[in-house]
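Participant: So that we are looking at the same thing, I have put the structure below in structure tokens.
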Amino acid sequence: MGFFNNVSRAKALLVFAIWFGLNPLNSYAQRQIRGKVFTPESHLGHNHDEGEHEGEAEYVPLPGATVIWKGTTVGTMTDLFGFFKLPVMSEGDTLQISMIGFETVGIVYTDWDYMDIPLEQGVILESAVVEVKQATTLISLLDPLNIQQLNRKELAKAACCNLSEAFETNASVDASFTDAITGTKQIKMLGLDGKYTQILVDNLPGPRGLNVVQGLSFIPGPWIDAIAISKGTGSVSGGYESITGQINVAMRNPENAEPLHINLFVSGDGRIEWNHVSSHQVNRKWSTALLTHAELGTRLNDRNDDGFLDTPLKRDIVLRNEWKLRGDRGMRGEYSISSVHMDKLAGQKAAYDGVDKPFDRLQFYLDSTLPDPNPWTAATEIIRYEASAKTGFVFPGQAWKSIGSQFFASTHNQKHKFGNRSYNGTENYFRANVLYSSIINNTDHKFTTGLSYVYDDFNEIGTWAAEYNEWYADIDTLARTEIVPGGFFEYTWTANDRLVVVAGLRGDLHNMYGAFASPRIHARYSLAEEISLKIVAGRGFRTANVMMEQLGSWASNRRWDISGELEPEVATNVGFNFVSKFILNSRDASISLDGYWTEFENRIIVDLWQPEYIKIYNSNSDKSYSKTLQLEFDWSAHRRLDIRAAYRWVDAQTEYSDLLPQGETMRDPFVATHRAFTQWSYASREGKEGQQTRVDATLQWIGNQSLPQPLESASDIDFHPAESPAFTQLNLQVSQTLPGALELYVGVENLLNVKQDSPIVGAAYPDEFNRNFDASLVYGPIFGRMTYAGLRWTLGEKKG
């Protein structure tokens with residue numbers, strides 16, 4: 001309780017002042033649709049030699065065409081380039097397009113955002129051939145939250161084997177390796193580790209707690225329908241843990257999945273994957289989806305000849321079953337169960353040479369109580385189960401009023417052993433949410449309120465060989481049980497089409513740390529019809545699990561030193577986002593600029609700057625912060641070509657009390673101050689039977705990163721720089737859709753074959769892994785160029 005009484009009151013008052021000071025003068029601007037009206041050039045009397053345009057017709061825009069919602073006075077005329085935009089009506093309404101000398105066309109609206117509409121001259125149309133193109137990444141001008149939506153087509157531009165690899169084509173989220181041993185990837189957002197980003201799966205708790213790092217690999221890419229990336233603190237209904245952002249993963253489910261989808265994948269490192277999604281309509285009310293994933297990697301890869309595997313041996317299986325209820329009179333339900341079993345082996349190649357079934361030795365590596373003899377090995381086993389239930393009721397005739405409940409439970413068991421260090425951790429987690437949504441007088445004043453309850457039971461045991469033990473006997477077991485009841489209220493004020501404010505406040509009572517308030521605010525102001533400015537301010541807190549969150553440090557002989565009882569991390573995040581959508585060379589384009597400042601009131605410092613040690617302690621100073629600026633440009637340069645480019649600047653600093661005079665800070669390690677990104681996507685014209693060729697290229701430039709230092713080595717082989725060199729990564733993928741709903745894809749990751757020199761410090765001394773051994777100082781690729789291939793086969797159309 002005393003901890004929360006001593007946090008910075010000034011920041012809390014600032015957020016409350018913003019929250020209560022804004023006036024309720026806002027409303028959601030009505031959603032708009034866009035389109036282009038044109039005619040084939042041949043209909044205007046122009047002829048071209050056969051094949052001159054590679055089989056594609058030439059189109060001429062039609063300025064001055066009338067576009068109107070049939071039966072209303074809501075309409076417009078196309079501009080000089082044939083483009084129009086209109087407020088959205090309701091699904092099923094007819095959009096009527098007419099022009100003198102051309103036949104009138106009527107199109108039934110079915111929730112599309114953009115449509116190309118051809119008009120024929122002087123003939124009667126039985127039907128119009130309409131080409132619909134939806135952007136693969138969307139940024140809403142109207143939502144007060146700064147949310148970037150990635151759909152299935154965006155995820156298909158790269159291998160995207162799991163969630164940790166799903167951001168290869170996105171500039172807002174970074175993915176990097178935790179160490180040079182396990183092949184585990186972690187994400188960063190706004191210059192801070194992924195543990196500060198709240199990850200949800202279908203708006204329920206996702207990877208967190210003991211699952212916060214490894215859990216990203218348990219969500220297969222082919223299972224994902226869409227990803228929503230929200231920068232800044234999220235909605236209060238999602239909980240108190242969001243600090244730098246919120247990522248919600250929408251899974252394929254009975255309502256949006258095809259009857260059958262299969263994805264097979266094989267990569268140049270010897271990894272083979274199977275992914276499957278199938279949906280079934282059981283009866284009028286109930287439908288279900290089954291999702292399966294299996295992965296196997298048994299090839300021994302050591303391209304840099306340092307004696308260690310560049311990629312781990314791995315086998316896993318992940319299963320998920322979801323049921324959906326569409327009951328009568330507004331009743332809805334979603335219920336799911338899932339399970340994970342993963343085994344992983346890594347370390348020196350000599351340990352596995354000539355071994356036919358290496359996983360048969362997994363338990364031996366995990367259970368051995370003796371210091372691990374040479375060769376050095378690393379072994380991991382994870383068994384996890386999850387269950388969830390969401391039930392909602394929408395009041396008949398009152399679509400704005402609903403009540404719902406969310407329940408989620410999981411059990412997580414993990415063992416790993418790195419050399420002579422072992423870990424055994426368990427977590428039993430339960431979360432309940434009850435929500436009620438309604439209005440005050442009218443729909444200009446909406447609110448959502450509710451109660452939540454969290455039960456989180458942890459038990460972690462870490463053991464080390466005596467010569468490397470700085471872990472005190474009374475805290476070598478980290479165990480705690482968190483019980484956190486809470487409540488929240490979120491209010492949306494709407495009054496006109498320019499200003500929208502969503503203000504929320506939640507309060508939680510932690511059984512160990514006392515009461516905590518999380519005020520948050522999101523606001524959107526439309527400077528013009530296609531220009532919006534958004535701001536966000538909020539506060540969040542989280543409890544740390546340092547042994548699991550610092551997974552990479554296990555792959556070293558650094559001595560752990562945890563000072564005192566670790567208190568919750570508390571931070572305030574303030575940011576803005578500016579978005580402008582416009583027409584460039586007759587094609588849609590947009591530019592986005594955002595900036596965020598995250599400042600900690602208390603932070604768990606992970607100090608890697610002292611060679612030989614990993615020191616972990618509380619810092620109640622407000623000198624730990626991260627500032628980011630990002631500029632992104634999107635342009636549909638051609639019907640067949642989309643271009644995206646981005647640049648990000650990060651200033652992440654921390655005050656290390658054991659190293660610096662009070663008030664001075666140091667640059668955070670493994671964070672590039674400058675980063676640039678561009679992606680080019682080409683898609684050929686779709687054939688009569690769906691044939692299409694797509695080419696996607698992603699180029700990233702990562703600037704210098706500050707690096708901790710190991711002990712000085714007597715050999716140049718172990719040279720480790722204090723700052724990483726800048727490097728460039730290029731990924732390329734070619735996809736071919738064939739008749740019969742079959743799609744083949746091949747690709748190359750890290751085409752330029754960039755590799756980090758000597759990623760494992762001490763690897764040159766296999767006979768004596770002394771205190772200098774460190775495989776956690778990874779800043780870039782290890783494996784080098786990697787090819788992959790796969791196929792996707794889909795039976796039936798996507799639902800929803």
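The chains in the structure tokens are called A, B, ... from first to last as shown; in each chain the residues are counted from 1, and the ligands are counted from 1 in the order shown.
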List the spatial neighbours of Gly687 in chain A as a PyMOL selection string - criterion: any atom at most 10 Å away, only C-alpha atoms, same-chain residues fewer than 5 positions off excluded.
Facilitator: chain A and resi 692-693+737-739
Participant: Go ahead and write the residues just picked, C-alpha atoms, as a PDB file, in the first residue's frame.
Facilitator:
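After the write, result-v5.pdb holds the following:
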ATOM      1  CA  GLN A 692      -2.800 -14.240 -59.659  1.00  0.00           C
ATOM      2  CA  THR A 693       0.889 -13.558 -59.062  1.00  0.00           C
ATOM      3  CA  THR A 737      -2.623 -18.448 -56.866  1.00  0.00           C
ATOM      4  CA  LEU A 738      -3.744 -21.362 -59.058  1.00  0.00           C
ATOM      5  CA  PRO A 739      -7.151 -22.712 -60.102  1.00  0.00           C
TER       6      PRO A 739
END
Participant: What's around Gln186 in chain A at 6 Å? Count only C-alpha atoms, leave out sequence neighbours fewer than 2 positions away in its own chain, and write the answer as a ChimeraX atom specification.
Facilitator: /A:175-176,213
Participant: Restricting the output to all heavy atoms, write the selected residues as an mmCIF file, in the first residue's frame.
Facilitator:
data_model
loop_
_atom_site.group_PDB
_atom_site.id
_atom_site.type_symbol
_atom_site.label_atom_id
_atom_site.label_comp_id
_atom_site.auth_asym_id
_atom_site.auth_seq_id
_atom_site.Cartn_x
_atom_site.Cartn_y
_atom_site.Cartn_z
ATOM 1 N N ALA A 175 10.644 -7.058 -34.087
ATOM 2 C CA ALA A 175 10.854 -8.413 -33.575
ATOM 3 C C ALA A 175 12.348 -8.700 -33.597
ATOM 4 O O ALA A 175 13.038 -8.407 -34.574
ATOM 5 C CB ALA A 175 10.097 -9.440 -34.414
ATOM 6 N N SER A 176 12.876 -9.252 -32.502
ATOM 7 C CA SER A 176 14.299 -9.562 -32.414
ATOM 8 C C SER A 176 14.479 -10.829 -31.589
ATOM 9 O O SER A 176 13.585 -11.246 -30.852
ATOM 10 C CB SER A 176 15.064 -8.396 -31.786
ATOM 11 O OG SER A 176 14.580 -8.137 -30.473
ATOM 12 N N VAL A 213 6.946 -14.198 -23.258
ATOM 13 C CA VAL A 213 7.909 -14.249 -24.353
ATOM 14 C C VAL A 213 7.623 -15.435 -25.274
ATOM 15 O O VAL A 213 7.416 -15.277 -26.476
ATOM 16 C CB VAL A 213 9.352 -14.315 -23.818
ATOM 17 C CG1 VAL A 213 10.343 -14.437 -24.971
ATOM 18 C CG2 VAL A 213 9.670 -13.070 -22.991
#
Participant: Between A:Gly64, A:Gly297, A:Gly307, A:Pro207, which has the minimum distance to Ala350 in chain A (counting only C-alpha atoms)?
Facilitator: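 For Ala350 in chain A, the nearest of the candidates is A:Gly307.
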Participant: In terms of the shortest atom-to-atom distance over only C-alpha atoms, which of A:Ser590, A:Asn428, A:Gln406, A:Thr698 is closest to Ile139 in chain A?
Facilitator: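 Ranking A:Ser590, A:Asn428, A:Gln406, A:Thr698 by distance to Ile139 in chain A, first place goes to A:Ser590.
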Participant: Quick one: pull the distance between CA of Arg34 in chain A and CA of Trp69 in chain A, Å, one decimal.
Facilitator: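 Between CA of Arg34 in chain A and CA of Trp69 in chain A the gap works out to 13.2 Å.
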Participant: Could you name the residues that touch Ser724 in chain A at 12 Å or less, counting only C-alpha atoms, but leaving out those on the same chain fewer than 3 positions away, as a list in words?
Facilitator: Pro669, Phe670, Val671, Ala672, Thr673, Ile702, Gly703, Asn704, Gln705, Ser706, Leu707, Pro708, Gln709, Phe719, His720, Pro721, Phe727, Lys755, Gln756, Asp757, Pro759, Leu777, Val778, Tyr779 and Gly780 of chain A
Participant: Could you give me, as a ChimeraX atom specification, the residues within 8 Å of Arg694 in chain A, counting only C-alpha atoms and dropping anything in the same chain fewer than 4 positions from it?
Facilitator: /A:681-684,734-736
Participant: Could you give me, as a tab-separated table, every range 477-573 of chain A residue with an atom at most 10 Å from range 411-417 of chain A, plus its closest atom pair and distance in Å to one decimal, counting only C-alpha atoms, rows ordered by chain then number?
Facilitator:
residue	atom	partner	partner_atom	distance
A:Met548	CA	A:Gln414	CA	9.8
A:Trp554	CA	A:Lys417	CA	8.5
A:Ala555	CA	A:Lys417	CA	9.4
